[in-house]
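Peer 1: Just so it is clear, I am handing over upload28.pdb, which has PDB, C-alpha atoms and all ligand atoms.
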MODEL        1
ATOM      1  CA  MET A   1     -20.491  10.028  11.379
ATOM      2  CA  ARG A   2     -19.361  13.460  12.555
ATOM      3  CA  LEU A   3     -16.989  15.163  10.119
ATOM      4  CA  GLU A   4     -14.781  18.053  11.283
ATOM      5  CA  ALA A   5     -11.710  20.001  10.175
ATOM      6  CA  VAL A   6      -8.860  21.290  12.340
ATOM      7  CA  LEU A   7      -5.459  22.877  11.829
ATOM      8  CA  GLY A   8      -2.685  20.769  13.292
ATOM      9  CA  ASP A   9      -0.143  17.998  13.239
ATOM     10  CA  ILE A  10      -1.654  14.596  12.558
ATOM     11  CA  THR A  11       0.897  12.825  14.736
ATOM     12  CA  LYS A  12      -0.545  14.614  17.783
ATOM     13  CA  GLN A  13      -4.178  13.646  17.222
ATOM     14  CA  ASP A  14      -5.941  11.759  19.999
ATOM     15  CA  VAL A  15      -7.952   9.386  17.806
ATOM     16  CA  ASP A  16      -8.059   5.617  17.349
ATOM     17  CA  ALA A  17      -6.447   5.704  13.900
ATOM     18  CA  ILE A  18      -4.475   8.242  11.900
ATOM     19  CA  VAL A  19      -4.088   8.019   8.146
ATOM     20  CA  ASN A  20      -0.687   8.244   6.482
ATOM     21  CA  ALA A  21      -0.174   9.560   2.932
ATOM     22  CA  ALA A  22       2.118   6.707   1.929
ATOM     23  CA  ASN A  23       3.668   5.397  -1.294
ATOM     24  CA  GLN A  24       3.120   2.043  -3.011
ATOM     25  CA  GLY A  25       6.240   0.542  -1.487
ATOM     26  CA  LEU A  26       5.278   1.680   2.055
ATOM     27  CA  ALA A  27       8.918   2.726   2.032
ATOM     28  CA  GLY A  28       8.599   5.896   4.092
ATOM     29  CA  GLY A  29       9.423   9.301   2.688
ATOM     30  CA  GLY A  30       9.014  13.015   3.321
ATOM     31  CA  GLY A  31       5.972  15.083   4.242
ATOM     32  CA  VAL A  32       3.417  13.574   6.572
ATOM     33  CA  ASP A  33       4.863  10.095   5.991
ATOM     34  CA  GLY A  34       8.238  11.188   7.392
ATOM     35  CA  ALA A  35       6.587  12.893  10.370
ATOM     36  CA  ILE A  36       4.529   9.792  11.179
ATOM     37  CA  HIS A  37       7.571   7.511  10.933
ATOM     38  CA  ARG A  38       9.536   9.744  13.313
ATOM     39  CA  ALA A  39       6.684  10.033  15.823
ATOM     40  CA  ALA A  40       5.673   6.352  15.750
ATOM     41  CA  GLY A  41       9.257   5.076  15.867
ATOM     42  CA  ALA A  42      10.866   4.555  12.492
ATOM     43  CA  ARG A  43      12.385   1.127  13.192
ATOM     44  CA  ASP A  44       9.128  -0.449  14.371
ATOM     45  CA  LEU A  45       7.037   1.144  11.659
ATOM     46  CA  GLN A  46       9.482   0.257   8.878
ATOM     47  CA  ALA A  47       9.520  -3.361  10.028
ATOM     48  CA  ALA A  48       5.707  -3.525  10.045
ATOM     49  CA  CYS A  49       5.537  -1.927   6.594
ATOM     50  CA  ARG A  50       8.161  -4.306   5.213
ATOM     51  CA  GLU A  51       6.109  -7.254   6.419
ATOM     52  CA  ILE A  52       3.037  -5.982   4.529
ATOM     53  CA  GLY A  53       5.185  -5.393   1.445
ATOM     54  CA  GLY A  54       3.215  -2.711  -0.392
ATOM     55  CA  CYS A  55      -0.122  -1.157  -1.209
ATOM     56  CA  ALA A  56      -1.783  -0.239  -4.510
ATOM     57  CA  THR A  57      -2.710   3.339  -5.360
ATOM     58  CA  GLY A  58      -6.253   3.976  -4.081
ATOM     59  CA  ASP A  59      -5.961   1.293  -1.408
ATOM     60  CA  ALA A  60      -5.114   1.339   2.317
ATOM     61  CA  VAL A  61      -3.495  -1.021   4.851
ATOM     62  CA  ALA A  62      -3.088  -0.839   8.638
ATOM     63  CA  THR A  63      -0.177  -1.153  11.038
ATOM     64  CA  PRO A  64       0.013  -0.530  14.771
ATOM     65  CA  GLY A  65       0.620   3.063  15.858
ATOM     66  CA  PHE A  66       3.602   2.095  18.045
ATOM     67  CA  ALA A  67       4.693   5.223  19.999
ATOM     68  CA  LEU A  68       1.786   7.345  18.733
ATOM     69  CA  ARG A  69      -1.292   8.132  20.779
ATOM     70  CA  ALA A  70      -3.300   6.573  17.977
ATOM     71  CA  ARG A  71      -3.582   2.801  18.220
ATOM     72  CA  TRP A  72      -3.383   2.298  14.453
ATOM     73  CA  ILE A  73      -1.906   3.904  11.369
ATOM     74  CA  ILE A  74      -3.862   3.385   8.168
ATOM     75  CA  HIS A  75      -1.499   3.839   5.230
ATOM     76  CA  ALA A  76      -3.298   5.099   2.129
ATOM     77  CA  VAL A  77      -1.621   5.553  -1.222
ATOM     78  CA  GLY A  78      -2.956   8.568  -3.071
ATOM     79  CA  PRO A  79      -2.475   9.199  -6.791
ATOM     80  CA  ARG A  80       0.285  11.361  -8.194
ATOM     81  CA  TYR A  81      -1.527  14.219  -9.913
ATOM     82  CA  ARG A  82      -0.915  14.568 -13.657
ATOM     83  CA  ASP A  83      -3.828  16.456 -15.218
ATOM     84  CA  GLY A  84      -6.902  15.051 -13.491
ATOM     85  CA  ALA A  85      -7.795  12.942 -16.528
ATOM     86  CA  HIS A  86      -5.860   9.847 -15.483
ATOM     87  CA  GLY A  87      -8.236   8.502 -12.868
ATOM     88  CA  GLU A  88      -6.876  10.759 -10.123
ATOM     89  CA  PRO A  89     -10.297  11.785  -8.673
ATOM     90  CA  GLU A  90     -11.493   8.175  -8.502
ATOM     91  CA  LEU A  91      -8.233   6.994  -6.949
ATOM     92  CA  LEU A  92      -8.259   9.765  -4.339
ATOM     93  CA  ALA A  93     -11.899   9.054  -3.447
ATOM     94  CA  SER A  94     -11.024   5.368  -3.196
ATOM     95  CA  CYS A  95      -8.338   6.176  -0.597
ATOM     96  CA  TYR A  96     -10.874   7.862   1.682
ATOM     97  CA  ARG A  97     -13.407   5.051   1.266
ATOM     98  CA  ARG A  98     -10.824   2.321   1.853
ATOM     99  CA  CYS A  99      -9.543   4.049   4.998
ATOM    100  CA  LEU A 100     -13.036   3.961   6.480
ATOM    101  CA  GLU A 101     -13.437   0.308   5.500
ATOM    102  CA  VAL A 102     -10.135  -0.574   7.161
ATOM    103  CA  ALA A 103     -11.126   1.484  10.220
ATOM    104  CA  ASP A 104     -14.383  -0.485  10.404
ATOM    105  CA  GLU A 105     -12.475  -3.778  10.215
ATOM    106  CA  LEU A 106     -10.247  -2.629  13.082
ATOM    107  CA  GLY A 107     -13.168  -1.377  15.153
ATOM    108  CA  ALA A 108     -11.782   2.173  15.205
ATOM    109  CA  GLN A 109     -14.305   4.772  16.365
ATOM    110  CA  SER A 110     -12.329   7.856  15.377
ATOM    111  CA  ILE A 111      -9.960   8.574  12.499
ATOM    112  CA  ALA A 112      -7.862  11.553  11.400
ATOM    113  CA  PHE A 113      -6.894  12.215   7.786
ATOM    114  CA  PRO A 114      -4.135  14.377   6.284
ATOM    115  CA  ALA A 115      -4.779  16.023   2.910
ATOM    116  CA  ILE A 116      -3.729  12.945   0.937
ATOM    117  CA  SER A 117      -1.845  13.632  -2.345
ATOM    118  CA  THR A 118      -1.787  17.437  -1.923
ATOM    119  CA  GLY A 119       1.912  17.718  -1.046
ATOM    120  CA  ILE A 120       4.631  15.875  -2.932
ATOM    121  CA  TYR A 121       2.011  14.206  -5.181
ATOM    122  CA  GLY A 122       0.751  17.600  -6.397
ATOM    123  CA  TYR A 123      -3.043  17.241  -6.200
ATOM    124  CA  PRO A 124      -4.750  20.667  -6.394
ATOM    125  CA  GLN A 125      -5.818  21.502  -2.834
ATOM    126  CA  ALA A 126      -9.365  22.667  -3.603
ATOM    127  CA  ASP A 127     -10.207  19.617  -5.694
ATOM    128  CA  ALA A 128      -8.744  17.313  -3.068
ATOM    129  CA  ALA A 129     -10.724  19.016  -0.263
ATOM    130  CA  HIS A 130     -13.942  18.608  -2.256
ATOM    131  CA  ILE A 131     -13.279  14.917  -2.828
ATOM    132  CA  ALA A 132     -12.337  14.310   0.813
ATOM    133  CA  VAL A 133     -15.495  15.875   2.248
ATOM    134  CA  HIS A 134     -17.927  14.469  -0.300
ATOM    135  CA  THR A 135     -16.491  10.964  -0.237
ATOM    136  CA  LEU A 136     -16.451  10.768   3.563
ATOM    137  CA  ARG A 137     -20.008  12.100   3.767
ATOM    138  CA  ALA A 138     -21.295   9.467   1.377
ATOM    139  CA  ALA A 139     -19.488   6.436   2.781
ATOM    140  CA  PRO A 140     -21.357   3.898   4.921
ATOM    141  CA  THR A 141     -19.331   3.311   8.120
ATOM    142  CA  SER A 142     -19.460   2.592  11.850
ATOM    143  CA  VAL A 143     -16.767   5.202  12.533
ATOM    144  CA  ALA A 144     -18.208   7.953  14.772
ATOM    145  CA  LEU A 145     -15.717  10.753  14.065
ATOM    146  CA  ALA A 146     -13.617  11.634  11.017
ATOM    147  CA  ARG A 147     -11.265  14.602  11.449
ATOM    148  CA  LEU A 148      -9.644  16.331   8.491
ATOM    149  CA  VAL A 149      -6.301  17.668   9.688
ATOM    150  CA  ALA A 150      -5.065  20.644   7.673
ATOM    151  CA  PHE A 151      -1.377  21.519   7.951
ATOM    152  CA  ASP A 152      -1.817  25.003   6.470
ATOM    153  CA  ASP A 153      -4.441  27.754   6.680
ATOM    154  CA  ASN A 154      -5.499  27.500   3.050
ATOM    155  CA  THR A 155      -6.332  23.808   3.372
ATOM    156  CA  LEU A 156      -8.328  24.518   6.548
ATOM    157  CA  ARG A 157     -10.323  27.234   4.765
ATOM    158  CA  LEU A 158     -11.063  24.878   1.885
ATOM    159  CA  TYR A 159     -12.296  22.176   4.267
ATOM    160  CA  GLU A 160     -14.473  24.636   6.153
ATOM    161  CA  ALA A 161     -16.051  25.854   2.917
ATOM    162  CA  GLU A 162     -16.757  22.275   1.807
ATOM    163  CA  LEU A 163     -18.208  21.376   5.201
ATOM    164  CA  GLN A 164     -20.584  24.334   5.005
ATOM    165  CA  SER A 165     -21.774  23.523   1.469
TER     166      SER A 165
HETATM  167  N1  LIG A 201       0.366  16.618   9.878
HETATM  168  C1  LIG A 201      -0.631  16.837   8.998
HETATM  169  N2  LIG A 201      -0.435  17.099   7.694
HETATM  170  C2  LIG A 201       0.839  17.166   7.266
HETATM  171  C3  LIG A 201       1.952  16.952   8.117
HETATM  172  C4  LIG A 201       1.671  16.676   9.485
HETATM  173  N3  LIG A 201       2.639  16.450  10.365
HETATM  174  N4  LIG A 201       3.089  17.077   7.369
HETATM  175  C5  LIG A 201       2.708  17.367   6.113
HETATM  176  N5  LIG A 201       1.359  17.431   6.041
HETATM  177  P1  LIG A 201       2.600  14.794   1.530
HETATM  178  P2  LIG A 201       1.450  13.228  -0.696
HETATM  179  C6  LIG A 201       0.485  17.705   4.888
HETATM  180  O1  LIG A 201       3.635  15.371   0.647
HETATM  181  O2  LIG A 201       1.258  14.466  -1.497
HETATM  182  C7  LIG A 201       5.888  11.001   0.880
HETATM  183  O3  LIG A 201       7.243  11.028   0.583
HETATM  184  C8  LIG A 201       1.072  18.444   3.717
HETATM  185  O4  LIG A 201       1.121  19.839   3.990
HETATM  186  O5  LIG A 201       3.011  14.336   2.888
HETATM  187  O6  LIG A 201       0.316  12.252  -0.613
HETATM  188  C9  LIG A 201       5.264   9.625   0.744
HETATM  189  O7  LIG A 201       6.172   8.612   1.124
HETATM  190  C10 LIG A 201       0.062  18.104   2.630
HETATM  191  O8  LIG A 201      -1.065  18.960   2.738
HETATM  192  O9  LIG A 201       1.858  13.510   0.841
HETATM  193  C11 LIG A 201       4.926   9.557  -0.713
HETATM  194  O10 LIG A 201       6.028   9.167  -1.486
HETATM  195  C12 LIG A 201      -0.389  16.687   2.994
HETATM  196  O11 LIG A 201       0.088  16.476   4.329
HETATM  197  C13 LIG A 201       4.533  10.970  -1.043
HETATM  198  O12 LIG A 201       5.202  11.794  -0.087
HETATM  199  C14 LIG A 201       0.132  15.602   2.089
HETATM  200  O13 LIG A 201       1.453  15.886   1.677
HETATM  201  C15 LIG A 201       3.043  11.191  -0.883
HETATM  202  O14 LIG A 201       2.722  12.498  -1.282
ENDMDL
END
Take the structure I supplied and represent it as structure tokens, if you would.
Ligand code: AR6

Peer 2:
Amino acid sequence: MRLEAVLGDITKQDVDAIVNAANQGLAGGGGVDGAIHRAAGARDLQAACREIGGCATGDAVATPGFALRARWIIHAVGPRYRDGAHGEPELLASCYRRCLEVADELGAQSIAFPAISTGIYGYPQADAAHIAVHTLRAAPTSVALARLVAFDDNTLRLYEAELQS
């Protein structure tokens, strides 16, 4: 699998599946979740999420992409960061692994990830970038391309450093 990092808006990515940084209730919210709901069509996406009902922290579920260019949205629920000693690294790594597993089940060839948990959920950006790159590199998958979409320059720099290491 090719792994790359770009600066941009995940809702604009031309990939088979984009990942949403969701909450356990799949209830929508701010940050990237709000942007994805607006771009996909909030009514359709809310109805699809309601039908699924919810998702555990560390897990991921798929809905259609509706008005997005991406055919699917994979909703992953990252951990809320407390101090790093409450299973946060394992739960964040699990999100990335589960997204690839769901992508494989869907037959998606390309997937774009936001920096899960690093906004409202408070995960330190450098630690989260390390986990994202190392987990994706180690995961067995049929996905051909995984793109890490940074929404700010600092996150992009962190991804680039991890990709070079
Ligand atoms: N494209 C790419 N990345 C983005 C975009 C975008 N359009 N918008 C924001 N980001 P957050 P979390 C980045 O807070 O920390 C929601 O209310 C943002 O800069 O969206 O996992 C959910 O419903 C940051 O780097 O997600 C949950 O309740 C990253 O996306 C909760 O927030 C993640 O920030 C989840 O919090």

Peer 1: Report the residues retrieved by the PyMOL selection byres (((chain A and resi 13-25) around 8) and not hetatm) from the displayed file, expressed as a ChimeraX atom specification.

Peer 2: /A:9-12,26-29,32-33,36,53-57,65,69-78,99,103,108-117

Peer 1: Taking into account all atoms listed in the file, which residue in the set A:Ala62, A:Ala5, A:Ala138, A:Ile52 is nearest to ligand LIG 201 (chain A)?

Peer 2: A:Ala5

Peer 1: Output as AutoDock Vina command-line options the centre and edge lengths (Å, one decimal) of the box along x, y and z of the file that holds every listed atom of ligand LIG 201 (chain A) after adding 3 Å on each side.

Peer 2:
--center_x 3.1 --center_y 14.2 --center_z 4.4 --size_x 14.3 --size_y 17.2 --size_z 17.9

Peer 1: Restricting the calculation to only C-alpha atoms, which member of A:Ala126, A:Cys49, A:Val6, A:Met1 is positioned closest to Arg147 (chain A)?

Peer 2: A:Val6

Peer 1: Mind telling me what the PyMOL selection byres (((chain A and resi 134-137) around 12) and not hetatm) catches here, as a PyMOL selection string?

Peer 2: chain A and resi 1-4+89-101+111-113+127-133+138-141+143-148+159+161-165
